>>> print(open('final.cif').read())   # mmCIF, C-alpha atoms
data_run
#
loop_
_atom_site.label_atom_id
_atom_site.label_comp_id
_atom_site.auth_asym_id
_atom_site.auth_seq_id
_atom_site.Cartn_x
_atom_site.Cartn_y
_atom_site.Cartn_z
CA MET A 542 0.00 0.00 0.00
CA LEU A 543 1.23 3.53 -0.83
CA SER A 544 0.17 6.34 1.54
CA ILE A 545 0.81 10.07 1.40
CA VAL A 546 1.44 12.03 4.60
CA LEU A 547 2.07 15.65 5.42
CA ASP A 548 5.09 16.22 7.67
CA SER A 549 5.58 18.97 10.25
CA GLU A 550 6.95 21.32 7.58
CA GLY A 551 4.00 20.82 5.31
CA ILE A 552 5.96 18.73 2.79
CA ILE A 553 4.23 15.77 1.21
CA ARG A 554 6.06 12.49 1.86
CA ARG A 555 5.44 9.03 0.32
CA ARG A 556 5.25 6.04 2.58
CA PHE A 557 5.51 2.56 1.07
CA GLY A 558 3.71 -0.36 2.56
CA SER A 559 5.12 -3.88 2.91
CA HIS A 560 3.48 -4.98 -0.36
CA GLU A 561 5.29 -2.34 -2.41
CA ILE A 562 8.60 -3.12 -0.70
CA MET A 563 8.21 -6.84 -1.41
CA LYS A 564 7.26 -6.12 -5.03
CA GLY A 565 10.37 -3.98 -5.51
CA PHE A 566 12.51 -6.70 -3.94
CA LEU A 567 11.13 -9.33 -6.32
CA ILE A 568 11.75 -7.08 -9.32
CA LEU A 569 15.36 -6.71 -8.21
CA ILE A 570 15.77 -10.49 -7.91
CA VAL A 571 14.31 -11.07 -11.40
CA ALA A 572 16.56 -8.39 -12.90
CA THR A 573 19.59 -10.03 -11.28
CA LEU A 574 18.64 -13.45 -12.63
CA VAL A 575 18.12 -12.06 -16.13
CA ALA A 576 21.53 -10.40 -16.01
CA ALA A 577 23.12 -13.66 -14.87
CA ARG A 578 21.55 -15.53 -17.79
CA ALA A 579 22.76 -12.88 -20.21
CA GLU A 580 26.15 -14.54 -20.47
CA THR A 581 27.30 -18.12 -21.00
CA ILE A 582 30.40 -19.33 -19.19
CA PHE A 583 32.85 -21.95 -20.47
CA HIS A 584 35.59 -23.17 -18.15
CA ALA A 585 38.61 -25.50 -18.23
CA GLY A 586 41.50 -26.33 -15.99
CA PRO A 587 43.80 -26.51 -14.37
CA GLY A 588 44.14 -29.96 -16.00
CA LYS A 589 44.76 -29.91 -19.75
CA VAL A 590 41.79 -30.33 -22.09
CA SER A 591 42.85 -31.88 -25.41
CA LEU A 592 42.05 -30.22 -28.73
CA ILE A 593 41.10 -32.74 -31.43
CA GLU A 594 41.19 -31.41 -34.99
CA LEU A 595 39.94 -33.33 -38.02
CA TYR A 596 40.86 -32.12 -41.51
CA THR A 597 38.20 -33.35 -43.89
CA SER A 598 36.33 -32.65 -47.13
CA GLU A 599 33.02 -33.50 -48.78
CA GLY A 600 35.07 -34.31 -51.87
CA CYS A 601 36.96 -37.11 -50.12
CA SER A 602 35.42 -40.60 -50.12
CA SER A 603 37.58 -41.69 -47.17
CA CYS A 604 36.36 -38.90 -44.92
CA PRO A 605 32.79 -39.95 -43.92
CA PRO A 606 34.03 -42.76 -41.59
CA ALA A 607 36.36 -40.31 -39.85
CA GLU A 608 33.56 -37.78 -39.46
CA GLY A 609 31.31 -40.51 -38.12
CA TRP A 610 33.94 -41.32 -35.50
CA LEU A 611 34.18 -37.64 -34.57
CA SER A 612 30.38 -37.31 -34.33
CA LYS A 613 30.26 -40.09 -31.73
CA LEU A 614 32.32 -37.91 -29.39
CA LYS A 615 29.24 -35.68 -28.99
CA ASN A 616 27.70 -38.38 -26.80
CA GLU A 617 30.78 -38.81 -24.64
CA PRO A 618 30.45 -37.54 -21.05
CA ARG A 619 34.03 -36.27 -21.37
CA LEU A 620 33.03 -33.85 -24.14
CA TRP A 621 34.21 -30.28 -23.41
CA LYS A 622 35.70 -31.47 -20.09
CA VAL A 623 38.51 -33.73 -21.33
CA PHE A 624 38.56 -32.97 -25.05
CA VAL A 625 37.20 -30.44 -27.54
CA PRO A 626 36.58 -31.79 -31.09
CA LEU A 627 36.68 -29.71 -34.28
CA ALA A 628 36.23 -30.46 -37.99
CA PHE A 629 38.10 -28.19 -40.41
CA HIS A 630 36.94 -28.60 -44.02
CA VAL A 631 39.76 -28.03 -46.52
CA ASP A 632 39.37 -26.89 -50.12
CA TYR A 633 42.03 -28.87 -52.03
CA TRP A 634 39.54 -31.53 -53.15
CA ASP A 635 37.08 -29.02 -54.60
CA HIS A 636 38.66 -29.45 -58.05
CA LEU A 637 37.22 -32.99 -58.27
CA GLY A 638 33.82 -31.55 -59.17
CA TRP A 639 32.13 -30.85 -55.85
CA ARG A 640 32.67 -27.62 -53.92
CA ASP A 641 32.52 -28.16 -50.16
CA ARG A 642 30.54 -25.21 -48.79
CA PHE A 643 32.27 -25.49 -45.41
CA ALA A 644 35.79 -25.44 -46.84
CA LYS A 645 38.03 -22.39 -46.54
CA PRO A 646 41.53 -21.70 -47.90
CA GLU A 647 42.67 -20.65 -44.41
CA PHE A 648 41.78 -24.10 -43.07
CA THR A 649 43.94 -25.67 -45.77
CA SER A 650 46.75 -23.29 -44.83
CA ARG A 651 46.33 -24.28 -41.19
CA GLN A 652 46.84 -27.95 -42.02
CA GLN A 653 49.81 -27.11 -44.22
CA ARG A 654 51.48 -25.23 -41.37
CA TYR A 655 51.07 -28.27 -39.15
CA ALA A 656 52.60 -30.51 -41.80
CA ALA A 657 55.53 -28.14 -42.24
CA ALA A 658 56.13 -28.15 -38.49
CA TRP A 659 56.35 -31.96 -38.58
CA GLY A 660 58.74 -31.84 -41.53
CA GLY A 661 56.13 -33.18 -43.96
CA ASP A 662 55.82 -32.07 -47.57
CA SER A 663 52.13 -32.90 -48.15
CA VAL A 664 48.68 -32.90 -46.52
CA TYR A 665 45.91 -35.48 -46.63
CA THR A 666 42.35 -36.21 -45.58
CA PRO A 667 41.09 -37.48 -43.30
CA GLY A 668 43.82 -36.16 -41.05
CA PHE A 669 43.68 -35.89 -37.27
CA VAL A 670 45.71 -33.54 -35.10
CA VAL A 671 45.63 -33.83 -31.30
CA ASN A 672 47.19 -31.05 -29.27
CA GLY A 673 49.13 -29.92 -32.31
CA LYS A 674 50.55 -33.35 -33.16
CA GLU A 675 49.62 -35.77 -35.92
CA TRP A 676 47.44 -38.68 -34.74
CA ARG A 677 46.75 -41.67 -37.00
CA ASN A 678 45.23 -44.19 -34.57
CA TRP A 679 41.56 -43.24 -34.73
CA PHE A 680 40.82 -45.98 -37.28
CA GLY A 681 42.27 -48.64 -34.97
CA GLY A 682 39.78 -47.90 -32.24
CA GLU A 683 42.38 -46.36 -29.97
CA ALA A 684 41.03 -44.04 -27.31
CA VAL A 685 41.49 -40.33 -27.68
CA PRO A 686 44.86 -39.44 -26.16
CA THR A 687 44.51 -37.33 -23.04
CA ILE A 688 47.06 -35.53 -20.92
CA SER A 689 46.86 -35.14 -17.15
CA THR A 690 49.30 -32.23 -17.01
CA ARG A 691 48.19 -29.11 -15.15
CA VAL A 692 48.49 -26.23 -17.60
CA GLY A 693 46.26 -23.50 -16.20
CA VAL A 694 42.71 -22.20 -15.86
CA LEU A 695 40.80 -20.86 -18.85
CA ARG A 696 37.54 -18.98 -18.40
CA VAL A 697 35.46 -17.75 -21.32
CA SER A 698 32.29 -15.68 -21.07
CA LEU A 699 29.96 -15.01 -23.99
CA GLY A 700 27.35 -12.25 -23.74
CA ASN A 701 24.05 -12.07 -25.59
CA ASP A 702 25.56 -9.23 -27.61
CA GLY A 703 28.17 -11.61 -29.07
CA LYS A 704 31.09 -10.21 -27.09
CA LEU A 705 33.42 -12.94 -25.88
CA THR A 706 35.99 -12.38 -23.15
CA ALA A 707 38.64 -14.91 -22.20
CA THR A 708 40.97 -15.07 -19.21
CA PHE A 709 43.81 -17.58 -18.93
CA ILE A 710 46.01 -18.03 -15.88
CA PRO A 711 48.78 -20.53 -16.67
CA GLU A 712 50.34 -22.77 -14.06
CA THR A 713 53.76 -21.36 -14.90
CA ALA A 714 54.79 -18.00 -16.27
CA LYS A 715 54.71 -17.80 -20.07
CA PRO A 716 57.55 -15.75 -21.54
CA ARG A 717 56.19 -16.07 -25.07
CA ALA A 718 53.09 -14.45 -26.47
CA LEU A 719 49.83 -16.36 -26.22
CA ALA A 720 46.94 -16.28 -28.69
CA LEU A 721 43.22 -16.78 -28.23
CA ASN A 722 41.44 -18.89 -30.85
CA VAL A 723 37.64 -18.97 -31.06
CA ALA A 724 35.59 -21.17 -33.39
CA LEU A 725 31.85 -21.21 -33.98
CA LEU A 726 30.69 -24.76 -34.68
CA GLY A 727 27.79 -26.18 -36.64
CA ASN A 728 26.16 -29.53 -35.86
CA GLU A 729 23.74 -31.89 -37.58
CA LEU A 730 24.51 -30.26 -40.92
CA GLU A 731 23.68 -32.14 -44.12
CA SER A 732 24.76 -32.01 -47.75
CA ASP A 733 23.36 -33.87 -50.76
CA VAL A 734 26.53 -34.36 -52.77
CA LYS A 735 25.91 -34.32 -56.52
CA ARG A 736 29.41 -34.77 -57.92
CA GLY A 737 32.88 -35.95 -56.99
CA GLU A 738 33.95 -39.00 -55.00
CA ASN A 739 30.88 -38.87 -52.75
CA SER A 740 28.39 -38.30 -55.57
CA GLY A 741 24.89 -39.48 -54.64
CA ARG A 742 25.54 -39.54 -50.90
CA LYS A 743 23.91 -37.52 -48.13
CA LEU A 744 26.69 -36.45 -45.80
CA ARG A 745 26.07 -35.46 -42.19
CA HIS A 746 28.53 -33.27 -40.30
CA ASP A 747 29.10 -32.31 -36.68
CA VAL A 748 31.39 -29.83 -34.88
CA VAL A 749 32.13 -28.14 -38.21
CA VAL A 750 34.22 -24.99 -37.87
CA LEU A 751 32.07 -22.31 -39.51
CA ASP A 752 34.10 -19.28 -38.44
CA LEU A 753 37.50 -18.94 -36.79
CA ILE A 754 39.00 -15.91 -35.07
CA LYS A 755 42.51 -15.60 -33.67
CA ILE A 756 43.88 -12.67 -31.65
CA ASP A 757 46.94 -11.97 -29.52
CA MET A 758 46.28 -11.86 -25.79
CA ALA A 759 47.41 -9.18 -23.34
CA ASN A 760 49.44 -10.14 -20.28
CA GLU A 761 49.38 -8.54 -16.87
CA SER A 762 51.17 -10.37 -14.04
CA ASN A 763 50.72 -13.75 -15.79
CA ARG A 764 46.99 -13.12 -16.27
CA TRP A 765 46.28 -13.30 -19.99
CA THR A 766 43.13 -11.71 -21.40
CA GLY A 767 41.49 -11.23 -24.79
CA SER A 768 38.13 -10.16 -26.22
CA VAL A 769 36.47 -10.67 -29.60
CA ALA A 770 33.10 -9.81 -31.12
CA LEU A 771 31.29 -12.79 -32.63
CA SER A 772 28.61 -12.77 -35.29
CA MET A 773 26.31 -15.75 -34.81
CA ARG A 774 25.06 -17.56 -37.89
CA SER A 775 21.43 -18.40 -38.42
CA GLY A 776 19.53 -20.51 -40.90
CA ASN A 777 20.45 -24.06 -41.89
CA ASP A 778 24.15 -23.61 -41.11
CA LYS A 779 23.64 -21.89 -37.78
CA SER A 780 26.17 -21.93 -34.96
CA SER A 781 25.20 -24.33 -32.16
CA ALA A 782 28.44 -24.72 -30.23
CA LEU A 783 31.61 -22.81 -29.46
CA ALA A 784 35.22 -23.80 -28.94
CA ALA A 785 37.99 -21.62 -27.54
CA TRP A 786 41.62 -22.51 -27.02
CA ILE A 787 44.92 -20.91 -26.12
CA THR A 788 48.01 -21.40 -28.27
CA GLU A 789 51.67 -20.78 -27.62
CA ASN A 790 53.72 -20.61 -30.81
CA ALA A 791 50.72 -22.20 -32.64
CA THR A 792 50.61 -25.18 -30.22
CA PRO A 793 47.33 -25.64 -28.27
CA ILE A 794 47.92 -25.59 -24.50
CA GLN A 795 44.39 -25.29 -23.08
CA ALA A 796 40.88 -25.55 -24.52
CA THR A 797 37.25 -25.27 -23.56
CA GLY A 798 33.88 -25.18 -25.27
CA GLY A 799 30.23 -26.02 -25.04
CA TRP A 800 26.75 -25.73 -26.50
CA LEU A 801 25.19 -22.38 -27.27
CA ARG A 802 21.72 -21.45 -26.05
#
>>> encode(input="final.cif", output="structure tokens")
Amino acid sequence: MLSIVLDSEGIIRRRFGSHEIMKGFLILIVATLVAARAETIFHAGPGKVSLIELYTSEGCSSCPPAEGWLSKLKNEPRLWKVFVPLAFHVDYWDHLGWRDRFAKPEFTSRQQRYAAAWGGDSVYTPGFVVNGKEWRNWFGGEAVPTISTRVGVLRVSLGNDGKLTATFIPETAKPRALALNVALLGNELESDVKRGENSGRKLRHDVVVLDLIKIDMANESNRWTGSVALSMRSGNDKSSALAAWITENATPIQATGGWLR
């Protein structure tokens, strides 16, 4: 109840009853909850979370089994906590007659840089990279390699406005520059392939890297920070998950990720 009283000086004062006070309190609680839901938090560490990269193409007939293996990781309880899976589509098979709509030249260049670091002179699909190192044992049923090393705590927050902020506190001081990598991922994507090695097949893809951003991080007393503005995709190829990882000299050292609302 709201009452109006006249004080000794003739000034009108408002007096709020218990109902109005309770109503204002509830409004404050709701506003706080809405603000809390306005950002999504992803967290990893201090134990290392492995980054699993698959280099693939819709123009490669050997790739669907590898993508099927990667898709099964979505049902693993260790997803995002022990490993973060990604599928980079490369463009060097597009000349066979089918253009992979998820392929980008920069993803091909990324795989080529890995190969050069290993001393290789060529790239191939399907090709797996785990924590920056070539891994060929997926087809033998070997478990995903994991590392129990403590590397540091990574915290990533994503606001409803698309602004992403990351903070990484490594276990030991890092003298070299660190970089923040952020990928928007698409899941349950389908393509009816009309030409090339997979002609006539309906291909299904998960954890496809749709967009990738990389920035240098700032360091203050071994607390590394970085922020990027993301543009979420909509439509059939919409973003449904996010992955973020820290690299030192291009080598992944910590990763996190999760599903988007």
>>> resolve_selection(input="final.cif", expression="the PyMOL selection byres ((chain A and resi 598) around 7)", output="list in words")
Thr597, Glu599, Gly600, Cys601, Cys604, His630, Val631, Trp634 and Asp641 of chain A
>>> closest_atom_pairs(input="final.cif", of="segment 609-687 of chain A", to="segment 582-588 of chain A", cutoff="10 Å", atoms="all atoms listed in the file", output="tab-separated table")
residue	atom	partner	partner_atom	distance
A:Trp621	CA	A:Ala585	CA	8.3
A:Lys622	CA	A:Ala585	CA	6.9
A:Val623	CA	A:Gly588	CA	8.6
>>> resolve_selection(input="final.cif", expression="the PyMOL selection byres ((chain A and resi 771) around 6)", output="PyMOL selection string")
chain A and resi 703+770+772
>>> resolve_selection(input="final.cif", expression="the PyMOL selection byres ((chain A and resi 753-755) around 9)", output="number ranges by chain")
A: 720-725, 750-752, 756-757, 769, 771
>>> closest_residue(input="final.cif", among="A:Val670, A:Ile794, A:Ala759, A:Val694", to="Arg654 of chain A", atoms="all atoms listed in the file")
A:Val670
>>> atom_distance(input="final.cif", atom1="atom CA of Tyr596 of chain A", atom2="atom CA of Glu683 of chain A")
18.4 Å
>>> residues_around(input="final.cif", residues="Thr713 of chain A", least_positions_apart="2", cutoff="8 Å", atoms="only C-alpha atoms", output="list of chain:residue names")
A:Val692, A:Gly693, A:Pro711, A:Lys715
>>> atom_distance(input="final.cif", atom1="atom CA of Trp676 of chain A", atom2="atom CA of Val749 of chain A")
18.9 Å
>>> closest_residue(input="final.cif", among="A:Thr649, A:Asn701, A:Ser781, A:Ser602", to="Thr581 of chain A", atoms="all atoms listed in the file")
A:Asn701
>>> atom_distance(input="final.cif", atom1="atom CA of Thr666 of chain A", atom2="atom CA of Trp786 of chain A")
23.1 Å
>>> closest_residue(input="final.cif", among="A:Phe648, A:Phe624, A:Trp610, A:Tyr655", to="Gly798 of chain A", atoms="only C-alpha atoms")
A:Phe624
